[in-house]
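Asker: My structure is below; once you've seen it, I'll send some questions.
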Amino acid sequence: MLQAESLACERGGRLLFKSLEFALSPGTLLRVSGPNGAGKTSLLRILCGLAHPAAGRVLWSGEDARGLGEEYTRRLLYLGHLSAIKDDLTPRENLRFALRLAGLEPPRAALDAALERLGLAGRGDVPARYLSQGQKRRAALARLALAQTQPLWILDEPLAALDVNAIDTVIALVSAQLDAGGIVVLTTHQDVAFAQASVLHVVLNG
Amino acid sequence: MLASTASIIARDLRLAFRRKGDVAQVLVFFVIVASLFPLGTGAEPNQLRAMGPGVVWVAALLAALLSLGRLFAADYADGSLEQMLIAAHPLAATVAGKTLAHWLTTGLPLTLLAPLLGVQYDLPAPALGALVASLALGTPVLSLIGAVGAALTLGTRGAAVLLALLVLPLYVPVLVFGAGAVSAALAGLPHGAHLSLLGAFLAFSLVFAPWATCAALRIALD
């Protein structure tokens, strides 16, 4: 259960939003939308605990997420605006390390299956430097295929730079996670539909 | 916690191995700076012996400084650092791992290379021993304090110069007692006290530097 309690965010002296309230129960998708600069990424970073809100709190199961520390962050999968892909490592190494940070240690076969699911079959051993932007994004998104145990996914523009096939894969992964009782928070400019009943919209107006 | 530190070390060593040039740059810089002084001052053996400890130590210090920019900047730029801040294990484990990996790829090779440069300055065997011992104790302090500076200057304009201005004054005690140990050994005096003090600096920075680095990283990414 993720709750926002009268969140406010200030960037460079400008108030982006205030008195933001929502409560997400398991199986709920929160779609954050709004124009560029409205504070979507800032909201996601606040929910992760990376940024401080100007006011308000983020609650996980009724407790302040900031006070919970690793108790909170190890339930969390965050995919930022930056993909956190190292050019000198292969997609498989990148994936393994990203999952290790999240406290997961899947076997090699599972890593390869996840990369294959995102359309990177046979690219697991190529340094990420030689991949295109879209392929790097896919390598970062491969985490989703192995992070079902994380009850909270926070995804910043997961569909940007992806082709139609990859978009379908990501939507399928998010849908499966919601069906399994996960909470997903995402921002996207793409007009995609999620079949789930419990979709919550937050529109930031800047 | 230990396993996560080990995994960070393994990752950073692998990255360093894939970019051998970065590691080599620092070592070549160290060798060149330490070799320029005899060329500039002339090859009078007594003079060389007298200035050898200080020159080798200053060169090691500048080489360590040169490598600090790499410590967090790349991970900051590509988003890896964000992921480390919200990892399943404490940030201190990550910082400890990254600092240790930094020392393994800079401080340790500098320490191993130093006797060769000491020979250039005609340092006798006891002084070379003191040089290696003082660098072995002192370079981890350079990495630990440097990590605080690197974290504080993350994302600022002119980070390299700012980092130097911030960190070099903090390196002074290490330099004084490091070069002092070698000079004492050169003069045939006991140098145990210098090494003990370097050990004390190391113990002190082991406790406080990672904590300060964590705080600085959280501020830098806010």
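If you're wondering about the labels, chains in the structure tokens are A, B, ... by order shown, residues count from 1 in each chain, ligands from 1 in order shown.
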Can you pull out every residue from stretch 66-202 of chain A that DSSP, working from the backbone, puts in helix (DSSP H, G or I), and format the result as a PyMOL selection string?

Answerer: chain A and resi 66-68+70-73+91-101+108-117+128-130+133-146+164-179

Asker: Distance limit 6 Å, atoms considered: only C-alpha atoms. Which chain A residues sit that close to chain B? Return them as a PyMOL selection string.

Answerer: chain A and resi 50-51+70+73-74+82+84+101-103

Asker: With C-alpha atoms retained, write the just-selected residues as a PDB file, in the first residue's frame.

Answerer:
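The file below, result-v6.pdb, is the result:
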```pdb
ATOM      1  CA  LEU A  50      15.646   9.992  -4.081  1.00  0.00           C
ATOM      2  CA  ALA A  51      14.312  13.530  -3.705  1.00  0.00           C
ATOM      3  CA  GLU A  70      16.189  -0.215   2.946  1.00  0.00           C
ATOM      4  CA  THR A  73      13.819   0.458  -1.153  1.00  0.00           C
ATOM      5  CA  ARG A  74      14.245  -3.296  -1.419  1.00  0.00           C
ATOM      6  CA  LEU A  82      18.436   7.526 -17.296  1.00  0.00           C
ATOM      7  CA  ALA A  84      21.739   3.089 -15.811  1.00  0.00           C
ATOM      8  CA  LEU A 101      21.304  -3.995  -6.400  1.00  0.00           C
ATOM      9  CA  ALA A 102      17.649  -4.866  -5.943  1.00  0.00           C
ATOM     10  CA  GLY A 103      18.685  -7.918  -3.911  1.00  0.00           C
TER      11      GLY A 103
END
```

Asker: Can you list, as an MDAnalysis selection string, every protein, DNA or RNA residue that comes within 8 Å of stretch 112-120 of chain B when you count only C-alpha atoms, leaving out same-chain residues fewer than 2 positions away?

Answerer: chainID B and resid 31 34:35 52:53 56 108:110 122:124 128 131:132

Asker: Go ahead and save the picked residues with N, CA and C atoms, as a compact mmCIF listing (two decimals), in the first residue's frame.

Answerer:
```txt
# COMPACT_ATOMS: atom_id res chain seq x y z
N VAL B 31 54.48 8.43 -12.84
CA VAL B 31 55.88 8.20 -13.24
C VAL B 31 56.47 9.46 -13.87
N ALA B 34 57.05 12.35 -11.27
CA ALA B 34 58.17 12.05 -10.38
C ALA B 34 59.50 12.05 -11.14
N SER B 35 59.45 11.83 -12.44
CA SER B 35 60.69 11.80 -13.21
C SER B 35 61.10 13.17 -13.72
N GLY B 52 63.82 13.29 -2.70
CA GLY B 52 63.11 12.10 -3.19
C GLY B 52 61.81 11.79 -2.47
N PRO B 53 61.84 11.66 -1.12
CA PRO B 53 60.60 11.27 -0.42
C PRO B 53 59.45 12.23 -0.70
N VAL B 56 58.19 11.98 -4.53
CA VAL B 56 57.42 10.77 -4.84
C VAL B 56 56.05 10.84 -4.17
N LEU B 108 46.93 1.12 -4.81
CA LEU B 108 47.74 -0.08 -4.76
C LEU B 108 48.81 -0.11 -5.85
N PRO B 109 48.44 0.12 -7.14
CA PRO B 109 49.49 0.17 -8.17
C PRO B 109 50.52 1.28 -7.92
N LEU B 110 50.06 2.43 -7.40
CA LEU B 110 51.01 3.51 -7.08
C LEU B 110 52.02 3.04 -6.05
N ASP B 122 67.88 7.48 -5.79
CA ASP B 122 68.99 6.90 -5.05
C ASP B 122 68.64 6.65 -3.58
N LEU B 123 67.36 6.32 -3.31
CA LEU B 123 66.98 6.03 -1.93
C LEU B 123 67.50 4.65 -1.54
N PRO B 124 68.10 4.51 -0.36
CA PRO B 124 68.59 3.20 0.09
C PRO B 124 67.43 2.28 0.49
N LEU B 128 63.33 2.86 0.99
CA LEU B 128 62.35 2.31 0.05
C LEU B 128 61.27 1.53 0.79
N LEU B 131 58.99 3.94 2.27
CA LEU B 131 58.16 4.55 1.21
C LEU B 131 56.95 3.66 0.91
N VAL B 132 57.23 2.35 0.75
CA VAL B 132 56.13 1.43 0.44
C VAL B 132 55.16 1.35 1.63
```

Asker: Go through B:Ala73, B:Val95, B:Ser183, B:Lys20 one by one, measure the shortest atom-to-atom distance of each to B:Pro126 using only C-alpha atoms, and give the residue with the smallest value.

Answerer: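 Among the listed residues, B:Ser183 lies closest to B:Pro126.
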
Asker: Could you check how far atom CA of B:Thr5 sits from atom CA of B:Ala92, in Å to one decimal?

Answerer: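 For atom CA of B:Thr5 relative to atom CA of B:Ala92, the distance reads 8.8 Å.
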
Asker: List the spatial neighbours of stretch 54-61 of chain A as a PyMOL selection string - criterion: any atom at most 12 Å away, only C-alpha atoms, same-chain residues fewer than 4 positions off excluded.

Answerer: (chain A and resi 1-26+42-50+65-69+71-73+75-76+151-152+183) or (chain B and resi 222)

Asker: Based on the selection just made, write C-alpha atoms of those residues as a CSV table (one decimal), in the first residue's frame.

Answerer:
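What follows is the written file again.csv:
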```csv
chain,number,residue,atom,x,y,z
A,1,MET,CA,0.0,0.0,0.0
A,2,LEU,CA,1.6,3.2,-1.2
A,3,GLN,CA,0.2,6.5,0.0
A,4,ALA,CA,1.1,10.1,-0.8
A,5,GLU,CA,0.2,12.5,2.0
A,6,SER,CA,-0.2,16.2,0.9
A,7,LEU,CA,3.0,16.1,-1.2
A,8,ALA,CA,4.4,19.3,-2.5
A,9,CYS,CA,7.4,19.8,-4.8
A,10,GLU,CA,9.5,22.8,-5.4
A,11,ARG,CA,12.2,23.0,-8.1
A,12,GLY,CA,14.4,26.1,-8.5
A,13,GLY,CA,12.1,28.2,-6.4
A,14,ARG,CA,9.0,27.3,-8.4
A,15,LEU,CA,6.2,25.3,-6.9
A,16,LEU,CA,5.4,22.4,-9.2
A,17,PHE,CA,2.6,20.8,-7.3
A,18,LYS,CA,1.1,20.8,-3.8
A,19,SER,CA,-1.4,19.0,-1.7
A,20,LEU,CA,-1.0,15.9,-3.8
A,21,GLU,CA,-2.9,13.0,-2.2
A,22,PHE,CA,-3.4,9.4,-3.4
A,23,ALA,CA,-3.5,5.9,-2.0
A,24,LEU,CA,-2.6,2.9,-4.1
A,25,SER,CA,-3.7,-0.6,-3.0
A,26,PRO,CA,-2.2,-3.8,-4.5
A,42,SER,CA,10.2,14.9,-9.7
A,43,LEU,CA,7.1,13.1,-8.3
A,44,LEU,CA,8.5,9.7,-9.2
A,45,ARG,CA,11.9,10.6,-7.6
A,46,ILE,CA,10.1,11.7,-4.4
A,47,LEU,CA,8.1,8.4,-4.4
A,48,CYS,CA,11.4,6.5,-4.6
A,49,GLY,CA,13.0,8.5,-1.8
A,50,LEU,CA,15.6,10.0,-4.1
A,65,ALA,CA,9.0,5.5,3.5
A,66,ARG,CA,12.0,7.7,4.4
A,67,GLY,CA,12.2,6.2,7.9
A,68,LEU,CA,11.9,2.7,6.6
A,69,GLY,CA,15.1,3.1,4.6
A,71,GLU,CA,13.0,-1.9,4.2
A,72,TYR,CA,11.3,0.3,1.6
A,73,THR,CA,13.8,0.5,-1.2
A,75,ARG,CA,10.6,-3.6,-2.3
A,76,LEU,CA,11.1,-1.1,-5.0
A,151,PRO,CA,5.7,-5.2,-5.0
A,152,LEU,CA,6.3,-1.6,-6.2
A,183,ILE,CA,1.6,-1.5,-7.6
B,222,ASP,CA,18.3,15.3,-4.4
```

Asker: Identify, with DSSP run on backbone atoms, the residues in stretch 132-168 of chain A assigned to strand (DSSP E or B), and express the list as a ChimeraX atom specification.

Answerer: /A:152-156

Asker: May I ask which of the residues B:Leu163, B:Leu217, B:Leu2, B:Leu135 is the closest one to B:Ala181, counting only C-alpha atoms?

Answerer: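 Smallest separation from B:Ala181 among the options: B:Leu135.
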
Asker: When distances are computed from only C-alpha atoms, which of A:Ala142, A:Asp87, A:Leu104, A:Asp112 shows the smallest separation from A:Tyr130?

Answerer: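 Checking each of A:Ala142, A:Asp87, A:Leu104, A:Asp112 against A:Tyr130, counting only C-alpha atoms, the winner is A:Asp87.
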
Asker: With distances taken over only C-alpha atoms, which residue among B:Val23, B:Leu170, B:Ala59, B:Leu13 lies nearest B:Leu36?

Answerer: B:Ala59

Asker: Tell me, as JSON, numbers by chain, which residues lie within 12 Å of A:Ile171, counting only C-alpha atoms; anything in the same chain fewer than 2 positions away does not count.

Answerer: {"A": [29, 118, 141, 144, 145, 155, 158, 159, 162, 164, 165, 166, 167, 168, 169, 173, 174, 175, 176, 177, 178, 184, 186, 188, 190, 191, 192, 193, 194, 195, 196]}

Asker: Would you mind reading off the distance between atom CA of B:Gly158 and atom CA of B:Asp22, one decimal, in Å?

Answerer: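 So the two atoms, atom CA of B:Gly158 and atom CA of B:Asp22, lie 20.2 Å apart.
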
Asker: What separation in Å, quoted to one decimal, exists between atom CA of B:Leu137 and atom CA of B:Leu175?

Answerer: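 Answer for the atom CA of B:Leu137 to atom CA of B:Leu175 separation: 11.4 Å.
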
Asker: Using only C-alpha atoms for the distances, tell me which of B:Ala50, B:Val55, B:Ala43, B:Ala133 is nearest to B:Phe30.

Answerer: B:Val55

Asker: Which residue gives the smallest distance to A:Thr90 among A:Val202, A:Ala110, A:Leu120, A:Ala128, with only C-alpha atoms counted?

Answerer: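 Under the stated criterion, the closest residue is A:Ala128.
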